[in-house]
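Engineer: Quick one: this structure, given as structure tokens, is what I'll be asking you about.
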Amino acid sequence: MIKITDSKETIILTKEDILIIDNYIIIKPIHKYWVVKLFIVVEKGFLKEIIKAYDIEEEPLDRFKSKTKLSDTLVLSEGDFKRFKKLYENMHNKIDYRKKAIIKAYSELLSYEYFQATVLEDNPGITMEELFEDLGDSYNYEKCKEEIIDLSKKYIKDKYNIK
């Protein structure tokens, strides 16, 4: 068990939450597609800091340094703890936003393909299952790159409130 605290609030990591590799403890996210990793650095048996990075060999994106030398606890400043807590909560959010986005995107494409086949091309015998099998090969996304990015920017503002 590892405690991460600012002396006001505490996050407790259990064995299920971590993966130990050499001198690092990786805080595991819920979803496997999470790109950023949180590494707890262990030095001489003490928990030194948490590093946010894509890989431990790469330049850190952020650091959360412990104010004490303890083997089972990281004591962070209030500001560091606040940033860490937000990131940790995002990593452990049970809502699979990626899955929802993929389902929405492919549903829109499949419904269009079905409309085209059954209405525009007057082919009522085709099924959605048949169209679904061919869906991935049907689109050359590179041709629509700018339109996809523009619409994505709108979704980011409207759906996720990011400006």
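Labels used: A, B, ... for chains in the order of the structure tokens, numbers from 1 for residues in each chain, and numbers from 1 for ligands as shown.
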Excluding range 142-158 of chain A and any residue of its chain fewer than 4 positions from it, enumerate the residues within 12 Å of it, using only C-alpha atoms, and give them as a list of chain:residue names.
Structural biologist: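 Final neighbour list, sorted by chain and number: A:Ala101, A:Ala105, A:Ile162, A:Lys163.
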Engineer: Find the nearest atom pair between each residue of range 65-105 of chain A and range 22-29 of chain A for residues within 12 Å, count only C-alpha atoms, give distances in Å to one decimal, sort rows by chain and ascending number, and present the table as a Markdown table.
Structural biologist:
```
| residue | atom | partner | partner_atom | distance |
| --- | --- | --- | --- | --- |
| A:Asp72 | CA | A:Ile25 | CA | 11.6 |
| A:Phe84 | CA | A:Ile27 | CA | 11.5 |
| A:Leu87 | CA | A:Pro29 | CA | 10.2 |
| A:Tyr88 | CA | A:Pro29 | CA | 8.1 |
| A:Glu89 | CA | A:Pro29 | CA | 9.4 |
| A:Asn90 | CA | A:Pro29 | CA | 8.7 |
| A:Met91 | CA | A:Pro29 | CA | 4.9 |
| A:His92 | CA | A:Pro29 | CA | 5.8 |
| A:Asn93 | CA | A:Pro29 | CA | 8.7 |
| A:Lys94 | CA | A:Pro29 | CA | 10.0 |
| A:Asp96 | CA | A:Pro29 | CA | 11.7 |
```
Engineer: Write a file of the just-selected residues containing N, CA and C atoms, as a PDB file, in the first residue's frame.
Structural biologist:
```pdb
ATOM      1  N   ASP A  72       6.650   4.353   2.266  1.00  0.00           N
ATOM      2  CA  ASP A  72       5.293   4.001   1.854  1.00  0.00           C
ATOM      3  C   ASP A  72       4.397   5.214   1.595  1.00  0.00           C
ATOM      4  N   PHE A  84      -1.878  16.242  -9.256  1.00  0.00           N
ATOM      5  CA  PHE A  84      -1.788  14.780  -9.282  1.00  0.00           C
ATOM      6  C   PHE A  84      -3.167  14.152  -9.110  1.00  0.00           C
ATOM      7  N   LEU A  87      -5.265  14.286 -12.252  1.00  0.00           N
ATOM      8  CA  LEU A  87      -4.762  13.320 -13.228  1.00  0.00           C
ATOM      9  C   LEU A  87      -5.112  11.892 -12.821  1.00  0.00           C
ATOM     10  N   TYR A  88      -4.910  11.570 -11.557  1.00  0.00           N
ATOM     11  CA  TYR A  88      -5.223  10.226 -11.048  1.00  0.00           C
ATOM     12  C   TYR A  88      -6.713   9.920 -11.225  1.00  0.00           C
ATOM     13  N   GLU A  89      -7.566  10.878 -10.894  1.00  0.00           N
ATOM     14  CA  GLU A  89      -9.007  10.660 -11.054  1.00  0.00           C
ATOM     15  C   GLU A  89      -9.379  10.471 -12.519  1.00  0.00           C
ATOM     16  N   ASN A  90      -8.742  11.224 -13.419  1.00  0.00           N
ATOM     17  CA  ASN A  90      -8.989  11.043 -14.848  1.00  0.00           C
ATOM     18  C   ASN A  90      -8.559   9.645 -15.296  1.00  0.00           C
ATOM     19  N   MET A  91      -7.419   9.176 -14.794  1.00  0.00           N
ATOM     20  CA  MET A  91      -6.914   7.846 -15.161  1.00  0.00           C
ATOM     21  C   MET A  91      -7.816   6.729 -14.645  1.00  0.00           C
ATOM     22  N   HIS A  92      -8.574   7.019 -13.597  1.00  0.00           N
ATOM     23  CA  HIS A  92      -9.421   5.997 -12.979  1.00  0.00           C
ATOM     24  C   HIS A  92     -10.904   6.266 -13.179  1.00  0.00           C
ATOM     25  N   ASN A  93     -11.210   7.097 -14.165  1.00  0.00           N
ATOM     26  CA  ASN A  93     -12.594   7.361 -14.515  1.00  0.00           C
ATOM     27  C   ASN A  93     -13.145   6.125 -15.219  1.00  0.00           C
ATOM     28  N   LYS A  94     -14.224   5.606 -14.724  1.00  0.00           N
ATOM     29  CA  LYS A  94     -14.789   4.374 -15.272  1.00  0.00           C
ATOM     30  C   LYS A  94     -15.491   4.573 -16.620  1.00  0.00           C
ATOM     31  N   ASP A  96     -15.747   5.094 -20.313  1.00  0.00           N
ATOM     32  CA  ASP A  96     -14.852   4.848 -21.440  1.00  0.00           C
ATOM     33  C   ASP A  96     -15.228   5.796 -22.582  1.00  0.00           C
TER      34      ASP A  96
END
```
Engineer: I need the residues in range 12-127 of chain A that are strand (DSSP E or B) according to DSSP; give them as a PyMOL selection string.
Structural biologist: chain A and resi 12-13+18-21+24-27+37-43+46-53+62-70+73-75
Engineer: Would you mind listing what lies within 9 Å of Leu109 in chain A as a VMD selection string, with only C-alpha atoms counted and same-chain residues fewer than 5 positions away left out?
Structural biologist: chain A and resid 104 114 135
Engineer: Going by DSSP on the backbone, which bits of range 24-144 of chain A are helix (DSSP H, G or I)? Write them as a PyMOL selection string, please.
Structural biologist: chain A and resi 78-91+97-120+128-138+141-144
Engineer: Pick out the closest residue to Leu76 in chain A from this set: A:Lys48, A:Arg98, A:Lys32, A:Lys37. Count only C-alpha atoms.
Structural biologist: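 The closest residue to Leu76 in chain A is A:Lys48.
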Engineer: What is the CA of Pro124 in chain A to CA of Leu110 in chain A distance in Å?
Structural biologist: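 CA of Leu110 in chain A lies at a distance of 15.0 Å from CA of Pro124 in chain A.
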Engineer: With a distance cut-off of 12 Å and only C-alpha atoms, select the neighbouring residues of Lys67 in chain A, excluding the residue or stretch itself and same-chain residues fewer than 6 positions from it, and output the selection as a PyMOL selection string.
Structural biologist: chain A and resi 4-7+46-50+73-78+80-81
Engineer: Work out how far CA of Ile21 in chain A is from CA of Tyr33 in chain A, in Å to one decimal.
Structural biologist: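 According to the coordinates, CA of Tyr33 in chain A and CA of Ile21 in chain A are separated by 19.6 Å.
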Engineer: Applying 9 Å and only C-alpha atoms, which residues near Leu61 in chain A remain after dropping the ones on its own chain fewer than 4 positions away? List them as an MDAnalysis selection string.
Structural biologist: chainID A and resid 36 51:54
Engineer: How would the residues just picked look written out with C-alpha atoms as an mmCIF file, in the first residue's frame?
Structural biologist:
```cif
data_model
loop_
_atom_site.group_PDB
_atom_site.id
_atom_site.type_symbol
_atom_site.label_atom_id
_atom_site.label_comp_id
_atom_site.auth_asym_id
_atom_site.auth_seq_id
_atom_site.Cartn_x
_atom_site.Cartn_y
_atom_site.Cartn_z
ATOM 1 C CA VAL A 36 0.518 9.164 -20.307
ATOM 2 C CA ILE A 51 6.924 11.506 -12.810
ATOM 3 C CA LYS A 52 4.297 12.036 -15.492
ATOM 4 C CA ALA A 53 5.701 10.946 -18.878
ATOM 5 C CA TYR A 54 4.947 8.936 -21.993
#
```
Engineer: To one decimal place in Å, what is the distance between CA of Tyr112 in chain A and CA of Phe132 in chain A?
Structural biologist: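 It comes out at 11.2 Å.
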